[in-house]
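S.K.: Sending over a structure as structure tokens; questions will come in a sec.
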Amino acid sequence: MTAAYTSDEMMTVAAARQLHNGTVCFVGIGLPSTAATLARVTSAPDVVLIYESGTLGAKPARLPLSIGDGILAETADAVVSVPEVFNYWLQPGRIDVGFLSAAQIDRYANINTTVIGSDYRHPKVRLPGAGGAPEIAASCREVVVVLRQTLRTFVDRVDFITSVGFGQGPGDRQRLGLSGSGPRVVITDFGILTPDPETCELTLVSVHNGSTAEDARAATGWPLAVSPDLATTDPPTEEELTVLRRLEATQGA
Amino acid sequence: MAEIVSLSDGIAAVVHDGDTLVMEGFTHLIPFAAGHEIIRQGRRDLTLVRMTPDLIYDQLIGMGCASKLIFSWGGNPGVGSLHRFRDAVENAWPLPIDLEEHSHAGMANRYLAGASGLPFAVLRGYVGTDLVAQTDTIRSITCPFTGEVLTAVPALSPDVTIIHAQRADRKGNVQMWGILGVQKEAVLAAKRSLITVEEIVDSLDPQPQEVVLPSFATTYVAVAPGGAHPSYAQGYSLRDNAFYTEWDAISKDRDTFLRWMDENVMRRAPAA
């Protein structure tokens with residue numbers, strides 16, 4: 001028997017399971033930060049967390065509200081400048097996993113965090129912008145994306161490519177000279193998607209308990225491919241849920 | 001040698017209408033007291049430069065001090081939107097604002113080039129993104145040794161950079177520690193600088209991972225205790241995360257924002 005949990009909790013737990021002991025992870029703000037902290041406190045105590053504020057090997061025991069909270073600096077192996085974190089640590093390919101979120105994502109896992117609307121100068125919604133994401137998406141060995149899946153977020157074409165996934169399809173990353181291999185997995189509140197090895201198109205490979213492939217299709221702005229070997233995600237364990245709830249209750253405290 | 005002055009005299013000396021102004025501090029050590037004094041002195045037509053505009057530029061933009069923003073991430077960290085920034089971009093309120101938009105890596109390298117006295121910086125960045133088409137200060141360059149095509153961004157050489165630090169000695173040497181972002185590069189890239197500090201002490205006892213800005217490299221130092229609030233100064237204060245959350249409601253509505261600024265900034269005297 002498992003405790004009741006929300007689809008957001010399932011998403012965060014599934015994202016946390018992507019990180020392992022020894023993985024060096026560049027952590028983005030928001031959902032990735034929650035999942036990375038959960039991973040470190042539960043299954044992956046020796047994951048190496050790097051934040052764009054310049055904190056290398058931070059060991060937060062509670063959830064930071066921002067990626068520059070004092071707890072990150074106080075627990076880090078090293079605190080370096082922002083030029084250093086991007087030039088010495090990210091750019092040469094020293095980081096295994098870039099952990100990102102997005103306002104919009106498309107079938108080739110390109111990410112938009114810049115504007116909603118087709119006119120950049122007169123956007124419908126002005127979003128925060130790129131931050132570290134374009135270079136994280138380009139230079140980490142691989143990328144994990146976590147975001148809620150709706151018709152507004154899973155769109156046929158993103159309004160603005162802030163960070164490149166697979167561009168317009170196979171071969172684009174190589175053509176652009178991007179050193180990392182790109183998005184390995186996308187975790188949502190419905191399930192888990194991975195890029196098809198041939199077409200690079202995001203394919204639903206697992207649904208969370210209580211969701212169906214039809215639910216995920218209905219929340220996707222393109223005809224979503226579904227794996228013939230569709231799996232069901234293991235529900236959160238008691239420990240994962242307890243720790244996640246404790247972390248969220250003390251965020252930024 | 002840096003001159004030790006009051007905050008209001010320092011701001012009056014370094015910030016003029018039409019200037020390109022940098023106020024850095026990556027979550028930590030954001031110079032809020034200095035920003036508030038700029039608002040009180042009524043500066044206009046500023047080109048504001050900052051990687052993460054944060055609440056400080058939300059306030060300057062909402063009060064009509066800025067005509068342009070050069071930046072890479074304009075949100076309220078962990079909370080959501082910067083509503084005054086959005087209102088300026090989406091509705092030109094209180095004034096239209098011109099954007100020059102980069103990534104963090106690009107901005108960091110622009111400061112690095114400025115501090116190094118170089119005209120531009122080289123990086124692997126932006127390739128394949130739509131930023132390239134929107135931002136004229138992202139170009140490509142061919143490596144003269146390998147022929148590889150890389151990205152070039154121009155140096156940032158602002159008229160003035162303002163930062164907050166933990167402390168200074170009586171000669172104006174500044175000491176800071178903790179998350180230091182891009183502040184050293186931003187100060188060295190600028191024509192003039194003002195550093196606000198928590199306190200002035202007789203001697204700067206060593207601190208882990210400290211950076212010292214020697215007095216000869218800066219222009220003015222001013223004491224502003226608590227001058228980083230609601231951000232924080234490691235060793236002196238904690239980040240006021242509750243205020244960052246409250247700012248969402250304060251800033252969402254124009255009148256509520258203006259009332260808050262009037263009560264908490266315009267009617268407050270600057271630190272002595």
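Chain labels A, B, ... are given in the sequence in which chains occur in the structure tokens; within each chain residues are numbered consecutively from 1, and ligands are likewise numbered from 1 in the order shown.
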Please return, as a PDB file with N, CA and C atoms, in the first residue's frame, all residues of chain B lying within 8 Å of chain A when only C-alpha atoms are considered.
M.R.:
```
ATOM      1  N   PHE B  26      25.077  38.645  -7.005  1.00  0.00           N
ATOM      2  CA  PHE B  26      24.319  37.485  -7.489  1.00  0.00           C
ATOM      3  C   PHE B  26      23.569  36.874  -6.304  1.00  0.00           C
ATOM      4  N   THR B  27      22.326  37.323  -6.106  1.00  0.00           N
ATOM      5  CA  THR B  27      21.474  36.941  -4.983  1.00  0.00           C
ATOM      6  C   THR B  27      22.003  37.493  -3.660  1.00  0.00           C
ATOM      7  N   HIS B  28      23.292  37.404  -3.471  1.00  0.00           N
ATOM      8  CA  HIS B  28      23.995  37.869  -2.282  1.00  0.00           C
ATOM      9  C   HIS B  28      24.494  39.290  -2.539  1.00  0.00           C
ATOM     10  N   MET B  51      23.030  41.030 -14.567  1.00  0.00           N
ATOM     11  CA  MET B  51      22.693  39.682 -15.034  1.00  0.00           C
ATOM     12  C   MET B  51      21.269  39.318 -14.628  1.00  0.00           C
ATOM     13  N   THR B  52      20.960  39.502 -13.337  1.00  0.00           N
ATOM     14  CA  THR B  52      19.649  39.116 -12.810  1.00  0.00           C
ATOM     15  C   THR B  52      18.972  40.347 -12.227  1.00  0.00           C
ATOM     16  N   SER B  72      20.298  39.113 -18.383  1.00  0.00           N
ATOM     17  CA  SER B  72      20.199  37.728 -18.836  1.00  0.00           C
ATOM     18  C   SER B  72      19.120  36.909 -18.126  1.00  0.00           C
ATOM     19  N   TRP B  73      18.598  37.363 -16.995  1.00  0.00           N
ATOM     20  CA  TRP B  73      17.496  36.606 -16.359  1.00  0.00           C
ATOM     21  C   TRP B  73      16.672  37.540 -15.488  1.00  0.00           C
ATOM     22  N   GLY B  74      15.465  37.857 -15.917  1.00  0.00           N
ATOM     23  CA  GLY B  74      14.656  38.855 -15.228  1.00  0.00           C
ATOM     24  C   GLY B  74      13.477  38.262 -14.480  1.00  0.00           C
ATOM     25  N   GLY B  75      13.741  37.517 -13.419  1.00  0.00           N
ATOM     26  CA  GLY B  75      12.659  36.963 -12.609  1.00  0.00           C
ATOM     27  C   GLY B  75      12.877  37.237 -11.134  1.00  0.00           C
ATOM     28  N   PRO B  77      13.611  35.259  -8.057  1.00  0.00           N
ATOM     29  CA  PRO B  77      14.104  33.881  -7.884  1.00  0.00           C
ATOM     30  C   PRO B  77      13.226  33.048  -6.950  1.00  0.00           C
ATOM     31  N   GLY B  78      12.762  31.911  -7.454  1.00  0.00           N
ATOM     32  CA  GLY B  78      11.962  31.005  -6.651  1.00  0.00           C
ATOM     33  C   GLY B  78      10.535  31.451  -6.445  1.00  0.00           C
ATOM     34  N   VAL B  79      10.191  32.670  -6.904  1.00  0.00           N
ATOM     35  CA  VAL B  79       8.845  33.211  -6.679  1.00  0.00           C
ATOM     36  C   VAL B  79       8.077  33.347  -7.989  1.00  0.00           C
ATOM     37  N   SER B  81       7.450  36.156 -11.458  1.00  0.00           N
ATOM     38  CA  SER B  81       7.746  37.268 -12.362  1.00  0.00           C
ATOM     39  C   SER B  81       8.273  38.479 -11.612  1.00  0.00           C
ATOM     40  N   LEU B  82       8.984  39.334 -12.347  1.00  0.00           N
ATOM     41  CA  LEU B  82       9.217  40.707 -11.911  1.00  0.00           C
ATOM     42  C   LEU B  82       8.128  41.534 -12.585  1.00  0.00           C
ATOM     43  N   ARG B  86       7.943  43.341 -16.305  1.00  0.00           N
ATOM     44  CA  ARG B  86       6.983  42.857 -17.298  1.00  0.00           C
ATOM     45  C   ARG B  86       6.063  43.968 -17.780  1.00  0.00           C
ATOM     46  N   VAL B  89       7.864  46.088 -20.290  1.00  0.00           N
ATOM     47  CA  VAL B  89       8.064  45.434 -21.589  1.00  0.00           C
ATOM     48  C   VAL B  89       6.719  45.242 -22.309  1.00  0.00           C
ATOM     49  N   GLU B  90       5.720  44.762 -21.562  1.00  0.00           N
ATOM     50  CA  GLU B  90       4.449  44.395 -22.201  1.00  0.00           C
ATOM     51  C   GLU B  90       3.560  45.609 -22.456  1.00  0.00           C
ATOM     52  N   GLU B 101      19.339  41.536 -24.659  1.00  0.00           N
ATOM     53  CA  GLU B 101      19.187  40.317 -23.880  1.00  0.00           C
ATOM     54  C   GLU B 101      20.285  39.307 -24.193  1.00  0.00           C
ATOM     55  N   HIS B 102      20.870  38.767 -23.130  1.00  0.00           N
ATOM     56  CA  HIS B 102      21.968  37.815 -23.258  1.00  0.00           C
ATOM     57  C   HIS B 102      21.703  36.577 -22.413  1.00  0.00           C
ATOM     58  N   SER B 103      22.671  35.667 -22.384  1.00  0.00           N
ATOM     59  CA  SER B 103      22.670  34.565 -21.426  1.00  0.00           C
ATOM     60  C   SER B 103      23.650  34.933 -20.308  1.00  0.00           C
ATOM     61  N   HIS B 104      23.593  34.167 -19.198  1.00  0.00           N
ATOM     62  CA  HIS B 104      24.538  34.425 -18.107  1.00  0.00           C
ATOM     63  C   HIS B 104      25.985  34.304 -18.583  1.00  0.00           C
ATOM     64  N   ALA B 105      26.257  33.254 -19.368  1.00  0.00           N
ATOM     65  CA  ALA B 105      27.640  33.047 -19.822  1.00  0.00           C
ATOM     66  C   ALA B 105      28.107  34.250 -20.645  1.00  0.00           C
ATOM     67  N   ALA B 108      28.633  37.311 -18.258  1.00  0.00           N
ATOM     68  CA  ALA B 108      29.836  37.134 -17.442  1.00  0.00           C
ATOM     69  C   ALA B 108      31.082  37.419 -18.274  1.00  0.00           C
ATOM     70  N   ASN B 109      31.080  36.932 -19.512  1.00  0.00           N
ATOM     71  CA  ASN B 109      32.242  37.159 -20.377  1.00  0.00           C
ATOM     72  C   ASN B 109      32.352  38.610 -20.833  1.00  0.00           C
ATOM     73  N   LEU B 112      34.072  40.259 -18.020  1.00  0.00           N
ATOM     74  CA  LEU B 112      35.456  39.799 -18.002  1.00  0.00           C
ATOM     75  C   LEU B 112      36.289  40.577 -19.026  1.00  0.00           C
ATOM     76  N   LEU B 123      33.386  32.998 -26.561  1.00  0.00           N
ATOM     77  CA  LEU B 123      32.848  31.867 -25.811  1.00  0.00           C
ATOM     78  C   LEU B 123      32.148  30.909 -26.768  1.00  0.00           C
ATOM     79  N   ARG B 124      31.849  29.714 -26.230  1.00  0.00           N
ATOM     80  CA  ARG B 124      30.933  28.812 -26.925  1.00  0.00           C
ATOM     81  C   ARG B 124      29.559  29.091 -26.354  1.00  0.00           C
ATOM     82  N   GLY B 125      28.707  29.728 -27.126  1.00  0.00           N
ATOM     83  CA  GLY B 125      27.414  30.070 -26.569  1.00  0.00           C
ATOM     84  C   GLY B 125      26.447  30.532 -27.624  1.00  0.00           C
ATOM     85  N   TYR B 126      25.159  30.501 -27.286  1.00  0.00           N
ATOM     86  CA  TYR B 126      24.055  31.068 -28.064  1.00  0.00           C
ATOM     87  C   TYR B 126      23.742  30.327 -29.361  1.00  0.00           C
ATOM     88  N   VAL B 127      24.607  29.411 -29.790  1.00  0.00           N
ATOM     89  CA  VAL B 127      24.449  28.836 -31.132  1.00  0.00           C
ATOM     90  C   VAL B 127      23.134  28.074 -31.246  1.00  0.00           C
ATOM     91  N   GLY B 128      22.367  28.386 -32.269  1.00  0.00           N
ATOM     92  CA  GLY B 128      21.094  27.721 -32.491  1.00  0.00           C
ATOM     93  C   GLY B 128      19.927  28.358 -31.763  1.00  0.00           C
ATOM     94  N   THR B 129      20.191  29.363 -30.918  1.00  0.00           N
ATOM     95  CA  THR B 129      19.093  29.996 -30.187  1.00  0.00           C
ATOM     96  C   THR B 129      18.563  31.211 -30.953  1.00  0.00           C
ATOM     97  N   ASP B 130      17.330  31.616 -30.620  1.00  0.00           N
ATOM     98  CA  ASP B 130      16.734  32.788 -31.249  1.00  0.00           C
ATOM     99  C   ASP B 130      17.274  34.098 -30.681  1.00  0.00           C
ATOM    100  N   LEU B 131      18.099  34.019 -29.638  1.00  0.00           N
ATOM    101  CA  LEU B 131      18.701  35.249 -29.105  1.00  0.00           C
ATOM    102  C   LEU B 131      19.603  35.907 -30.145  1.00  0.00           C
ATOM    103  N   GLN B 134      17.883  38.467 -32.221  1.00  0.00           N
ATOM    104  CA  GLN B 134      17.285  39.607 -31.516  1.00  0.00           C
ATOM    105  C   GLN B 134      18.317  40.535 -30.893  1.00  0.00           C
ATOM    106  N   GLY B 178      31.933  34.974   0.369  1.00  0.00           N
ATOM    107  CA  GLY B 178      30.665  34.291   0.073  1.00  0.00           C
ATOM    108  C   GLY B 178      30.460  34.259  -1.434  1.00  0.00           C
ATOM    109  N   ILE B 179      29.219  34.181  -1.872  1.00  0.00           N
ATOM    110  CA  ILE B 179      28.931  34.178  -3.308  1.00  0.00           C
ATOM    111  C   ILE B 179      29.239  35.569  -3.862  1.00  0.00           C
ATOM    112  N   LEU B 180      30.215  35.656  -4.762  1.00  0.00           N
ATOM    113  CA  LEU B 180      30.668  36.978  -5.226  1.00  0.00           C
ATOM    114  C   LEU B 180      30.348  37.249  -6.690  1.00  0.00           C
ATOM    115  N   GLY B 181      29.638  36.313  -7.316  1.00  0.00           N
ATOM    116  CA  GLY B 181      29.086  36.579  -8.642  1.00  0.00           C
ATOM    117  C   GLY B 181      30.094  37.143  -9.604  1.00  0.00           C
ATOM    118  N   VAL B 182      29.794  38.327 -10.100  1.00  0.00           N
ATOM    119  CA  VAL B 182      30.631  38.934 -11.123  1.00  0.00           C
ATOM    120  C   VAL B 182      31.059  40.344 -10.675  1.00  0.00           C
ATOM    121  N   GLN B 209      37.882  32.365   1.463  1.00  0.00           N
ATOM    122  CA  GLN B 209      37.512  32.681   0.074  1.00  0.00           C
ATOM    123  C   GLN B 209      37.211  34.165  -0.150  1.00  0.00           C
ATOM    124  N   GLN B 234      26.629  37.872   3.792  1.00  0.00           N
ATOM    125  CA  GLN B 234      27.083  36.725   4.590  1.00  0.00           C
ATOM    126  C   GLN B 234      27.944  37.183   5.763  1.00  0.00           C
ATOM    127  N   LEU B 238      20.794  37.571   6.985  1.00  0.00           N
ATOM    128  CA  LEU B 238      20.241  36.465   6.210  1.00  0.00           C
ATOM    129  C   LEU B 238      19.332  37.019   5.120  1.00  0.00           C
ATOM    130  N   ARG B 239      19.209  36.247   4.022  1.00  0.00           N
ATOM    131  CA  ARG B 239      18.311  36.673   2.954  1.00  0.00           C
ATOM    132  C   ARG B 239      16.880  36.714   3.483  1.00  0.00           C
ATOM    133  N   ASN B 241      13.820  35.970   2.651  1.00  0.00           N
ATOM    134  CA  ASN B 241      13.029  35.255   1.645  1.00  0.00           C
ATOM    135  C   ASN B 241      11.552  35.624   1.715  1.00  0.00           C
TER     136      ASN B 241
END
```
S.K.: Neighbouring residues of A:Val205 were defined as those with any atom within 6 Å, considering only C-alpha atoms; residues of the same chain fewer than 5 positions away were excluded. Please report them as a PyMOL selection string.
M.R.: chain A and resi 192-193+227+230
S.K.: Let's have the selection written as a short mmCIF file (atom, residue, chain, number, x, y, z; two decimals), in the first residue's frame, with N, CA, C and O atoms.
M.R.:
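Full text of out.cif as output:
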```
data_model
loop_
_atom_site.label_atom_id
_atom_site.label_comp_id
_atom_site.auth_asym_id
_atom_site.auth_seq_id
_atom_site.Cartn_x
_atom_site.Cartn_y
_atom_site.Cartn_z
N ILE A 192 7.07 10.05 -18.35
CA ILE A 192 8.48 10.22 -18.69
C ILE A 192 8.62 10.09 -20.20
O ILE A 192 8.07 9.15 -20.81
N LEU A 193 9.32 11.02 -20.82
CA LEU A 193 9.52 11.02 -22.27
C LEU A 193 11.01 10.96 -22.56
O LEU A 193 11.81 11.58 -21.85
N SER A 227 5.63 4.88 -26.79
CA SER A 227 6.43 3.67 -26.93
C SER A 227 5.54 2.43 -26.88
O SER A 227 4.62 2.36 -26.07
N LEU A 230 5.34 0.79 -23.32
CA LEU A 230 5.01 1.80 -22.31
C LEU A 230 5.03 1.20 -20.91
O LEU A 230 4.36 0.20 -20.64
#
```
S.K.: Find the spatial neighbours of B:Leu194, counting only C-alpha atoms, within a cut-off of 6 Å - ignore same-chain residues fewer than 3 positions away - and output them as an MDAnalysis selection string.
M.R.: chainID B and resid 162 220:221
S.K.: With N, CA and C atoms kept, could you save the residues just selected as an mmCIF file, in the first residue's frame?
M.R.:
```
data_model
loop_
_atom_site.group_PDB
_atom_site.id
_atom_site.type_symbol
_atom_site.label_atom_id
_atom_site.label_comp_id
_atom_site.auth_asym_id
_atom_site.auth_seq_id
_atom_site.Cartn_x
_atom_site.Cartn_y
_atom_site.Cartn_z
ATOM 1 N N ILE B 162 28.135 49.922 -9.170
ATOM 2 C CA ILE B 162 27.895 50.010 -7.723
ATOM 3 C C ILE B 162 27.703 48.591 -7.190
ATOM 4 N N TYR B 220 34.733 55.421 -4.857
ATOM 5 C CA TYR B 220 34.137 55.844 -3.589
ATOM 6 C C TYR B 220 33.720 54.630 -2.761
ATOM 7 N N VAL B 221 33.774 54.797 -1.454
ATOM 8 C CA VAL B 221 33.243 53.810 -0.507
ATOM 9 C C VAL B 221 32.272 54.554 0.406
#
```
S.K.: What does the distance from atom CA of A:Asp229 to atom CA of A:Thr34 come to in Å, to one decimal?
M.R.: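 Answer for the atom CA of A:Asp229 to atom CA of A:Thr34 separation: 29.5 Å.
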S.K.: With distances taken over only C-alpha atoms, which residue among A:Val47, A:Ala225, A:Ala58, A:Ala103 lies nearest A:Val24?
M.R.: A:Val47
S.K.: Smallest atom-to-atom distance to B:Pro214: which of B:Arg192, B:Lys184, B:His83, B:Lys68, using only C-alpha atoms?
M.R.: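 Once distances to B:Pro214 are computed over only C-alpha atoms, the minimum belongs to B:Lys184.
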S.K.: Work out how far apart atom CA of B:Ala13 and atom CA of B:Thr196 are and give it in Å to one decimal.
M.R.: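 Distance reported for this atom pair: 13.8 Å.
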S.K.: Record the distance separating atom CA of B:Leu118 and atom CA of B:Leu69, expressed in Å with one decimal.
M.R.: 22.4 Å
